[in-house]
$ cat run_6.pdb   # PDB, C-alpha atoms
MODEL        1
ATOM      1  CA  MET A  20      96.413 109.693 217.871
ATOM      2  CA  LYS A  21      97.574 113.257 217.291
ATOM      3  CA  LYS A  22      97.323 113.957 220.985
ATOM      4  CA  GLN A  23      99.482 110.940 221.735
ATOM      5  CA  ARG A  24     102.186 112.108 219.329
ATOM      6  CA  LEU A  25     102.152 115.566 220.864
ATOM      7  CA  ALA A  26     102.483 114.031 224.295
ATOM      8  CA  ILE A  27     105.545 112.037 223.165
ATOM      9  CA  ILE A  28     107.177 115.125 221.632
ATOM     10  CA  ALA A  29     106.496 117.069 224.815
ATOM     11  CA  LEU A  30     108.074 114.293 226.877
ATOM     12  CA  VAL A  31     111.190 114.218 224.690
ATOM     13  CA  ILE A  32     111.588 117.990 224.974
ATOM     14  CA  LEU A  33     111.106 117.799 228.719
ATOM     15  CA  ALA A  34     113.708 115.019 229.026
ATOM     16  CA  LEU A  35     116.248 117.049 227.016
ATOM     17  CA  ALA A  36     115.508 120.198 228.994
ATOM     18  CA  VAL A  37     116.269 118.338 232.208
ATOM     19  CA  SER A  38     119.242 116.219 231.102
ATOM     20  CA  VAL A  39     121.306 118.706 229.070
ATOM     21  CA  PRO A  40     121.830 121.301 231.831
ATOM     22  CA  LEU A  41     122.408 118.406 234.245
ATOM     23  CA  ALA A  42     125.240 117.059 232.071
ATOM     24  CA  TRP A  43     126.697 120.561 231.835
ATOM     25  CA  SER A  44     126.558 121.133 235.545
ATOM     26  CA  GLN A  45     128.108 117.708 236.169
ATOM     27  CA  SER A  46     131.242 118.517 234.178
ATOM     28  CA  GLY A  47     131.380 121.931 235.875
ATOM     29  CA  ASN A  48     131.022 120.113 239.154
ATOM     30  CA  ALA A  49     133.837 117.715 238.343
ATOM     31  CA  GLU A  50     136.231 120.618 237.728
ATOM     32  CA  GLN A  51     135.242 122.135 241.048
ATOM     33  CA  GLN A  52     135.579 118.754 242.778
ATOM     34  CA  ILE A  53     139.091 118.290 241.419
ATOM     35  CA  LYS A  54     140.092 121.839 242.466
ATOM     36  CA  THR A  55     138.820 121.134 245.961
ATOM     37  CA  LEU A  56     140.656 117.788 246.089
ATOM     38  CA  PHE A  57     143.852 119.460 244.927
ATOM     39  CA  ASP A  58     143.548 122.111 247.655
ATOM     40  CA  GLN A  59     142.834 119.392 250.216
ATOM     41  CA  THR A  60     145.903 117.470 249.016
ATOM     42  CA  VAL A  61     148.111 120.541 249.516
ATOM     43  CA  ALA A  62     146.604 121.101 252.978
ATOM     44  CA  ALA A  63     147.204 117.415 253.827
ATOM     45  CA  GLN A  64     150.856 117.765 252.761
ATOM     46  CA  LEU A  65     151.311 120.649 255.185
ATOM     47  CA  LYS A  66     149.614 118.722 258.012
ATOM     48  CA  ALA A  67     151.169 115.334 257.086
ATOM     49  CA  ASP A  68     147.622 113.985 257.143
ATOM     50  CA  THR A  69     148.246 110.336 256.306
ATOM     51  CA  ASN A  70     144.563 109.385 256.732
ATOM     52  CA  PHE A  71     143.713 111.704 253.862
ATOM     53  CA  PHE A  72     146.432 110.216 251.651
ATOM     54  CA  GLY A  73     145.201 106.729 252.531
ATOM     55  CA  LYS A  74     141.842 107.653 251.035
ATOM     56  CA  ILE A  75     142.753 109.918 248.134
ATOM     57  CA  LEU A  76     145.687 107.999 246.666
ATOM     58  CA  ALA A  77     144.725 105.023 244.480
ATOM     59  CA  ASP A  78     146.215 101.690 245.536
ATOM     60  CA  ASP A  79     148.375 101.641 242.380
ATOM     61  CA  TYR A  80     149.410 105.308 242.833
ATOM     62  CA  MET A  81     152.913 106.128 241.653
ATOM     63  CA  SER A  82     154.809 109.327 242.225
ATOM     64  CA  ILE A  83     157.865 110.547 240.310
ATOM     65  CA  ARG A  84     159.564 113.051 242.578
ATOM     66  CA  GLY A  85     161.629 116.102 241.709
ATOM     67  CA  ASP A  86     164.857 114.065 241.836
ATOM     68  CA  GLY A  87     163.441 111.456 239.452
ATOM     69  CA  SER A  88     162.930 108.776 242.099
ATOM     70  CA  VAL A  89     159.716 106.771 242.126
ATOM     71  CA  ILE A  90     157.637 106.038 245.213
ATOM     72  CA  THR A  91     154.459 104.049 245.816
ATOM     73  CA  LYS A  92     151.419 104.964 247.922
ATOM     74  CA  ALA A  93     152.793 102.995 250.917
ATOM     75  CA  GLN A  94     156.198 104.686 250.649
ATOM     76  CA  GLU A  95     154.661 108.159 250.439
ATOM     77  CA  ILE A  96     152.453 107.553 253.485
ATOM     78  CA  GLU A  97     155.417 106.090 255.374
ATOM     79  CA  GLY A  98     157.455 109.181 254.445
ATOM     80  CA  TYR A  99     154.900 111.498 256.058
ATOM     81  CA  LYS A 100     154.589 109.222 259.108
ATOM     82  CA  SER A 101     158.309 108.964 259.728
ATOM     83  CA  GLY A 102     158.928 112.655 259.022
ATOM     84  CA  GLY A 103     161.108 111.780 256.014
ATOM     85  CA  ILE A 104     158.727 113.982 254.008
ATOM     86  CA  LYS A 105     157.766 117.205 255.741
ATOM     87  CA  TYR A 106     156.277 120.307 254.114
ATOM     88  CA  ASP A 107     156.739 123.762 255.613
ATOM     89  CA  ALA A 108     155.205 125.660 252.700
ATOM     90  CA  ASN A 109     153.462 124.891 249.442
ATOM     91  CA  ASP A 110     152.181 127.933 247.568
ATOM     92  CA  VAL A 111     150.177 126.994 244.489
ATOM     93  CA  LYS A 112     150.699 129.619 241.801
ATOM     94  CA  ASP A 113     149.043 128.301 238.691
ATOM     95  CA  LEU A 114     146.561 125.434 238.853
ATOM     96  CA  LYS A 115     145.009 124.156 235.642
ATOM     97  CA  VAL A 116     142.320 121.483 235.650
ATOM     98  CA  ARG A 117     141.207 119.490 232.618
ATOM     99  CA  VAL A 118     138.345 117.012 232.987
ATOM    100  CA  TYR A 119     137.761 114.203 230.478
ATOM    101  CA  GLY A 120     134.758 112.248 231.752
ATOM    102  CA  ASN A 121     136.041 110.015 234.551
ATOM    103  CA  THR A 122     139.602 111.315 234.257
ATOM    104  CA  ALA A 123     141.136 114.627 235.173
ATOM    105  CA  VAL A 124     144.606 116.073 234.727
ATOM    106  CA  THR A 125     145.896 118.870 236.935
ATOM    107  CA  THR A 126     149.059 120.830 236.328
ATOM    108  CA  ALA A 127     150.385 123.291 238.857
ATOM    109  CA  LEU A 128     153.297 125.588 239.517
ATOM    110  CA  MET A 129     154.211 125.479 243.184
ATOM    111  CA  VAL A 130     156.743 127.105 245.437
ATOM    112  CA  ILE A 131     157.622 124.587 248.099
ATOM    113  CA  LYS A 132     159.710 124.518 251.200
ATOM    114  CA  ASN A 133     160.152 121.163 252.792
ATOM    115  CA  VAL A 134     162.462 118.728 254.479
ATOM    116  CA  ARG A 135     163.510 115.486 252.844
ATOM    117  CA  ASN A 136     165.254 112.985 255.087
ATOM    118  CA  GLY A 137     166.381 115.785 257.365
ATOM    119  CA  LYS A 138     167.741 118.014 254.593
ATOM    120  CA  PRO A 139     166.021 121.233 253.529
ATOM    121  CA  TYR A 140     164.585 120.977 250.046
ATOM    122  CA  GLY A 141     162.753 123.698 248.272
ATOM    123  CA  GLY A 142     162.200 125.752 245.198
ATOM    124  CA  THR A 143     159.752 126.069 242.364
ATOM    125  CA  ILE A 144     158.315 122.927 240.854
ATOM    126  CA  ARG A 145     155.764 122.033 238.233
ATOM    127  CA  SER A 146     153.615 119.036 238.868
ATOM    128  CA  THR A 147     151.107 116.916 237.020
ATOM    129  CA  ARG A 148     148.552 114.793 238.806
ATOM    130  CA  VAL A 149     146.208 112.321 237.131
ATOM    131  CA  TRP A 150     142.847 111.709 238.795
ATOM    132  CA  VAL A 151     140.499 108.834 237.966
ATOM    133  CA  LYS A 152     136.943 108.408 239.224
ATOM    134  CA  GLN A 153     136.728 104.856 240.564
ATOM    135  CA  LYS A 154     133.515 103.495 242.144
ATOM    136  CA  GLY A 155     132.150 107.036 242.381
ATOM    137  CA  ASN A 156     135.223 108.545 244.082
ATOM    138  CA  TRP A 157     138.052 110.557 242.578
ATOM    139  CA  GLU A 158     141.469 109.071 243.303
ATOM    140  CA  CYS A 159     144.925 110.262 242.401
ATOM    141  CA  VAL A 160     146.690 107.577 240.330
ATOM    142  CA  ALA A 161     149.845 109.456 239.336
ATOM    143  CA  ASN A 162     151.914 112.419 240.397
ATOM    144  CA  GLN A 163     155.102 113.844 238.962
ATOM    145  CA  ALA A 164     157.258 116.815 239.953
ATOM    146  CA  THR A 165     159.904 118.641 237.928
ATOM    147  CA  ARG A 166     162.118 121.333 239.340
ATOM    148  CA  VAL A 167     161.852 124.601 237.422
ATOM    149  CA  ALA A 168     165.273 125.802 236.290
ATOM    150  CA  SER A 169     165.757 129.431 237.287
ATOM    151  CA  ALA A 170     166.121 130.452 233.620
ATOM    152  CA  SER A 171     162.689 129.178 232.645
ATOM    153  CA  GLN A 172     160.621 130.560 235.539
TER     154      GLN A 172
ATOM    155  CA  MET B  17     111.530  74.177 227.639
ATOM    156  CA  LYS B  18     111.576  77.798 226.503
ATOM    157  CA  TRP B  19     113.152  78.913 229.783
ATOM    158  CA  GLY B  20     115.795  76.264 229.433
ATOM    159  CA  TRP B  21     116.902  77.747 226.107
ATOM    160  CA  ILE B  22     116.930  81.262 227.496
ATOM    161  CA  ALA B  23     119.044  80.160 230.444
ATOM    162  CA  LEU B  24     121.433  78.323 228.138
ATOM    163  CA  MET B  25     121.790  81.404 225.917
ATOM    164  CA  LEU B  26     122.423  83.661 228.925
ATOM    165  CA  ILE B  27     125.121  81.329 230.231
ATOM    166  CA  THR B  28     126.762  81.120 226.793
ATOM    167  CA  PHE B  29     126.756  84.899 226.403
ATOM    168  CA  SER B  30     128.219  85.509 229.833
ATOM    169  CA  LEU B  31     130.947  82.915 229.188
ATOM    170  CA  LEU B  32     131.793  84.731 225.960
ATOM    171  CA  ALA B  33     131.610  88.201 227.468
ATOM    172  CA  VAL B  34     134.088  87.675 230.319
ATOM    173  CA  PRO B  35     137.126  86.697 228.189
ATOM    174  CA  LEU B  36     136.131  89.416 225.691
ATOM    175  CA  ALA B  37     136.174  92.098 228.393
ATOM    176  CA  ARG B  38     139.511  90.751 229.655
ATOM    177  CA  SER B  39     141.102  90.743 226.217
ATOM    178  CA  LYS B  40     139.886  94.315 225.733
ATOM    179  CA  GLY B  41     141.858  95.378 228.812
ATOM    180  CA  ALA B  42     144.937  93.520 227.592
ATOM    181  CA  ASN B  43     144.401  94.988 224.137
ATOM    182  CA  ALA B  44     144.300  98.510 225.500
ATOM    183  CA  GLU B  45     147.612  97.920 227.259
ATOM    184  CA  GLN B  46     149.110  96.670 223.999
ATOM    185  CA  GLN B  47     147.650  99.684 222.158
ATOM    186  CA  ILE B  48     149.203 102.067 224.688
ATOM    187  CA  LYS B  49     152.542 100.323 224.363
ATOM    188  CA  GLU B  50     152.334 100.845 220.609
ATOM    189  CA  VAL B  51     151.347 104.531 220.668
ATOM    190  CA  ASN B  52     153.911 105.244 223.373
ATOM    191  CA  ASP B  53     156.621 103.550 221.268
ATOM    192  CA  ARG B  54     155.433 105.458 218.195
ATOM    193  CA  TYR B  55     155.677 108.731 220.122
ATOM    194  CA  ILE B  56     159.229 107.927 221.242
ATOM    195  CA  ALA B  57     160.208 106.881 217.697
ATOM    196  CA  ALA B  58     158.730 110.107 216.282
ATOM    197  CA  GLN B  59     160.818 112.135 218.753
ATOM    198  CA  LEU B  60     163.913 110.166 217.799
ATOM    199  CA  ASN B  61     163.262 110.807 214.087
ATOM    200  CA  ASN B  62     162.371 114.453 214.712
ATOM    201  CA  ASP B  63     159.096 113.559 212.992
ATOM    202  CA  SER B  64     156.762 116.436 213.838
ATOM    203  CA  ASP B  65     153.952 115.148 211.555
ATOM    204  CA  SER B  66     153.592 111.920 213.509
ATOM    205  CA  LEU B  67     153.818 113.772 216.818
ATOM    206  CA  GLN B  68     151.072 116.130 215.705
ATOM    207  CA  LYS B  69     148.783 113.143 215.146
ATOM    208  CA  LEU B  70     149.644 111.548 218.479
ATOM    209  CA  MET B  71     149.036 114.695 220.533
ATOM    210  CA  ALA B  72     145.562 115.874 221.555
ATOM    211  CA  ASP B  73     144.802 119.498 220.670
ATOM    212  CA  ASP B  74     144.974 120.523 224.331
ATOM    213  CA  PHE B  75     148.239 118.614 224.879
ATOM    214  CA  THR B  76     150.652 120.150 227.352
ATOM    215  CA  ALA B  77     154.214 119.202 228.176
ATOM    216  CA  ILE B  78     156.259 119.940 231.259
ATOM    217  CA  ARG B  79     159.826 119.700 230.045
ATOM    218  CA  SER B  80     162.730 118.521 232.176
ATOM    219  CA  ASP B  81     163.740 122.165 232.845
ATOM    220  CA  GLY B  82     160.278 122.724 234.335
ATOM    221  CA  SER B  83     158.950 124.867 231.506
ATOM    222  CA  LEU B  84     155.411 124.363 230.278
ATOM    223  CA  SER B  85     154.603 124.126 226.580
ATOM    224  CA  THR B  86     151.568 123.659 224.355
ATOM    225  CA  LYS B  87     151.171 121.328 221.383
ATOM    226  CA  ALA B  88     152.110 124.111 218.936
ATOM    227  CA  GLN B  89     155.207 125.035 220.972
ATOM    228  CA  GLU B  90     156.294 121.414 221.281
ATOM    229  CA  ILE B  91     155.918 120.826 217.520
ATOM    230  CA  GLU B  92     157.799 124.055 216.800
ATOM    231  CA  HIS B  93     160.540 122.974 219.212
ATOM    232  CA  ILE B  94     161.149 119.913 217.023
ATOM    233  CA  LYS B  95     160.514 121.527 213.621
ATOM    234  CA  SER B  96     162.931 124.377 214.298
ATOM    235  CA  GLY B  97     165.655 121.961 215.385
ATOM    236  CA  ALA B  98     165.788 123.459 218.896
ATOM    237  CA  LEU B  99     165.325 119.924 220.204
ATOM    238  CA  THR B 100     166.988 116.982 218.510
ATOM    239  CA  HIS B 101     167.179 113.381 219.664
ATOM    240  CA  GLU B 102     170.166 111.218 218.845
ATOM    241  CA  LYS B 103     169.473 108.462 221.279
ATOM    242  CA  SER B 104     166.640 107.482 223.529
ATOM    243  CA  ASP B 105     167.117 104.218 225.416
ATOM    244  CA  ILE B 106     163.882 103.186 227.040
ATOM    245  CA  GLN B 107     163.738 101.120 230.201
ATOM    246  CA  ASP B 108     161.246 100.328 232.916
ATOM    247  CA  VAL B 109     158.033 100.816 230.927
ATOM    248  CA  LYS B 110     154.928 100.799 233.105
ATOM    249  CA  ILE B 111     151.421 101.047 231.678
ATOM    250  CA  ARG B 112     148.212 101.384 233.644
ATOM    251  CA  VAL B 113     144.858 101.484 231.864
ATOM    252  CA  TYR B 114     141.720 102.971 233.423
ATOM    253  CA  GLY B 115     138.955 102.599 230.832
ATOM    254  CA  ASN B 116     139.496 105.348 228.261
ATOM    255  CA  THR B 117     142.565 106.703 230.039
ATOM    256  CA  ALA B 118     146.038 105.296 230.400
ATOM    257  CA  VAL B 119     149.175 106.381 232.203
ATOM    258  CA  ALA B 120     152.506 105.269 230.754
ATOM    259  CA  THR B 121     155.808 105.904 232.521
ATOM    260  CA  VAL B 122     159.284 105.156 231.214
ATOM    261  CA  ARG B 123     162.849 105.744 232.247
ATOM    262  CA  SER B 124     164.809 107.056 229.316
ATOM    263  CA  PHE B 125     168.429 107.816 228.625
ATOM    264  CA  PHE B 126     168.369 110.858 226.341
ATOM    265  CA  LYS B 127     171.195 112.086 224.176
ATOM    266  CA  GLY B 128     170.659 114.991 221.843
ATOM    267  CA  THR B 129     170.788 118.753 221.599
ATOM    268  CA  VAL B 130     168.708 121.484 223.186
ATOM    269  CA  ASN B 131     169.097 124.917 221.553
ATOM    270  CA  GLY B 132     172.254 123.695 219.850
ATOM    271  CA  LYS B 133     173.892 122.517 223.057
ATOM    272  CA  PRO B 134     174.623 118.835 223.497
ATOM    273  CA  LEU B 135     172.780 117.258 226.376
ATOM    274  CA  SER B 136     172.658 113.777 227.787
ATOM    275  CA  SER B 137     170.645 112.817 230.801
ATOM    276  CA  THR B 138     168.432 110.153 232.271
ATOM    277  CA  VAL B 139     164.846 111.230 232.635
ATOM    278  CA  ARG B 140     161.591 109.736 233.803
ATOM    279  CA  VAL B 141     158.711 110.532 231.516
ATOM    280  CA  THR B 142     154.988 110.172 232.116
ATOM    281  CA  ARG B 143     152.565 110.288 229.213
ATOM    282  CA  VAL B 144     148.821 110.440 229.818
ATOM    283  CA  TRP B 145     146.764 108.902 227.017
ATOM    284  CA  LEU B 146     143.069 109.452 226.389
ATOM    285  CA  LYS B 147     140.879 107.607 223.903
ATOM    286  CA  GLN B 148     139.181 110.254 221.783
ATOM    287  CA  LYS B 149     136.841 109.186 218.956
ATOM    288  CA  GLY B 150     138.409 105.732 218.907
ATOM    289  CA  ASN B 151     142.035 106.926 218.861
ATOM    290  CA  TRP B 152     144.493 107.204 221.712
ATOM    291  CA  LYS B 153     145.831 110.752 222.031
ATOM    292  CA  CYS B 154     148.460 112.066 224.368
ATOM    293  CA  VAL B 155     147.003 114.841 226.546
ATOM    294  CA  ALA B 156     149.923 115.397 228.913
ATOM    295  CA  LEU B 157     153.615 114.663 229.146
ATOM    296  CA  GLN B 158     156.050 115.400 231.903
ATOM    297  CA  SER B 159     159.766 114.797 232.090
ATOM    298  CA  THR B 160     161.933 114.841 235.209
ATOM    299  CA  ARG B 161     165.694 114.447 235.301
ATOM    300  CA  VAL B 162     166.918 111.575 237.434
ATOM    301  CA  SER B 163     169.557 112.739 239.911
ATOM    302  CA  PRO B 164     172.758 110.755 239.478
TER     303      PRO B 164
ENDMDL
END
$ encode --input "run_6.pdb" --output "structure tokens"
Amino acid sequence: MKKQRLAIIALVILALAVSVPLAWSQSGNAEQQIKTLFDQTVAAQLKADTNFFGKILADDYMSIRGDGSVITKAQEIEGYKSGGIKYDANDVKDLKVRVYGNTAVTTALMVIKNVRNGKPYGGTIRSTRVWVKQKGNWECVANQATRVASASQ
Amino acid sequence: MKWGWIALMLITFSLLAVPLARSKGANAEQQIKEVNDRYIAAQLNNDSDSLQKLMADDFTAIRSDGSLSTKAQEIEHIKSGALTHEKSDIQDVKIRVYGNTAVATVRSFFKGTVNGKPLSSTVRVTRVWLKQKGNWKCVALQSTRVSP
């Protein structure tokens, strides 16, 4: 009887010893995963990699751009395809990642140089992206950009 | 006979569970609409106490001038009178719920003062809500001016 109880206690301790560090490493992993996805997103912007955006953007993705206009996933992909959106530079200065279970929020300060509908567009922007893990994959559901006024840089 | 009862119970439970799960989703959307409205009302009333309760501790805001602020800075901004709202007309509210997270976007016509200077502009604002210990808290806000 005593032996049985000891065996149960040992099993519980063993289970905790295995699961606690696993949970820790998973949240650490998620932060790293989001950082990697963010870097891949920036690289895809520079290469106009529409296949990547097809996968990483959620179907209900919505983006509020620096001029306050709103575009959908289809419109963003079409923009890269047609050349209406073209990035020449995108230097990420300050990336912050917060993970809340199956959700993550990234904020970044970026210096961009791009072309919008044939006109040069550039400057410093701050952006927020919201990432949600759906069916095991992280997807970007929302993006917003705000131009940084020169006084508050 | 016994199996018949079990099957009947399983069917009844599943019939009950589906509408329940659906109403939960609809409920969450309604809840987000409420907290989002409360947040906007608190801004309009310069009510820093209510804002404090609606913001998560790690709340961050990206203001329409592109500056980044923490919860404490945002509360101070309102308490000190550096930011006052006279008018905030809300249009085009969109709410998307993903389990314990929700994204709410609005288009808002703002009229007020920033550092004593009158300002009126149309902005698009995103608020990210997270359910923490049963309550929806705002973890991130971003505002972008809409070009005329």
$ atom_distance --input "run_6.pdb" --atom1 "atom CA of B:Val119" --atom2 "atom CA of A:Ala161"
7.8 Å
$ atom_distance --input "run_6.pdb" --atom1 "atom CA of A:Asp78" --atom2 "atom CA of A:Ala49"
21.5 Å
$ closest_residue --input "run_6.pdb" --among "A:Phe57, A:Tyr80, A:Tyr106, A:Tyr99" --to "chain B" --atoms "all atoms listed in the file"
A:Tyr80
$ closest_residue --input "run_6.pdb" --among "B:Glu92, B:Glu50, B:Asp81, B:Asp73" --to "chain A" --atoms "all atoms listed in the file"
B:Asp81
$ residues_near_point --input "run_6.pdb" --point "(139.5, 109.0, 227.3)" --cutoff "8 Å" --atoms "only C-alpha atoms" --output "list in words"
Tyr119, Gly120 and Thr122 of chain A; Gly115, Asn116, Thr117, Trp145, Leu146, Lys147, Gln148 and Trp152 of chain B
$ resolve_selection --input "run_6.pdb" --expression "the ChimeraX specification (/B :<7) & /A" --output "list in words"
Gly85, Asp86, Gly87, Ser88, Thr122, Ile144, Arg145, Ala164, Thr165, Arg166, Val167, Ala168 and Ser171 of chain A
$ write_last_selection --input "run_6.pdb" --atoms "C-alpha atoms" --output "short mmCIF file (atom, residue, chain, number, x, y, z; two decimals), keeping the file's coordinate frame"
data_model
loop_
_atom_site.label_atom_id
_atom_site.label_comp_id
_atom_site.auth_asym_id
_atom_site.auth_seq_id
_atom_site.Cartn_x
_atom_site.Cartn_y
_atom_site.Cartn_z
CA GLY A 85 161.63 116.10 241.71
CA ASP A 86 164.86 114.06 241.84
CA GLY A 87 163.44 111.46 239.45
CA SER A 88 162.93 108.78 242.10
CA THR A 122 139.60 111.32 234.26
CA ILE A 144 158.32 122.93 240.85
CA ARG A 145 155.76 122.03 238.23
CA ALA A 164 157.26 116.82 239.95
CA THR A 165 159.90 118.64 237.93
CA ARG A 166 162.12 121.33 239.34
CA VAL A 167 161.85 124.60 237.42
CA ALA A 168 165.27 125.80 236.29
CA SER A 171 162.69 129.18 232.64
#
$ residues_around --input "run_6.pdb" --residues "stretch 95-110 of chain B" --least-positions-apart "5" --cutoff "10 Å" --atoms "only C-alpha atoms" --output "number ranges by chain"
B: 45, 49, 52-53, 56-65, 89-90, 119-142
$ closest_residue --input "run_6.pdb" --among "B:Val113, B:Lys69, B:Arg143, B:Lys87" --to "B:Gln46" --atoms "only C-alpha atoms"
B:Val113
$ residues_around --input "run_6.pdb" --residues "A:Ala123" --least-positions-apart "6" --cutoff "10 Å" --atoms "only C-alpha atoms" --output "PyMOL selection string"
(chain A and resi 49-50+53+116-117+148-152+157-159) or (chain B and resi 117)
$ resolve_selection --input "run_6.pdb" --expression "the PyMOL selection byres ((chain A and resi 102) around 9)" --output "ChimeraX atom specification"
/A:67,97-101,103-105,134-137
$ closest_residue --input "run_6.pdb" --among "B:Asn151, B:Ser30, B:Gln47, B:Gln68" --to "B:Ile94" --atoms "only C-alpha atoms"
B:Gln68
$ axis_aligned_box --input "run_6.pdb" --around "stretch 157-168 of chain A" --padding-each-side "6 Å" --output "lines of an AutoDock Vina configuration file"
center_x = 151.7
center_y = 116.7
center_z = 239.8
size_x = 39.2
size_y = 30.2
size_z = 19.0
$ atom_distance --input "run_6.pdb" --atom1 "atom CA of A:Lys138" --atom2 "atom CA of A:Val111"
22.2 Å
$ residues_near_point --input "run_6.pdb" --point "(151.8, 110.2, 220.8)" --cutoff "7 Å" --atoms "all atoms listed in the file" --output "MDAnalysis selection string"
chainID B and resid 51:52 54:55 67 70:71 153:154
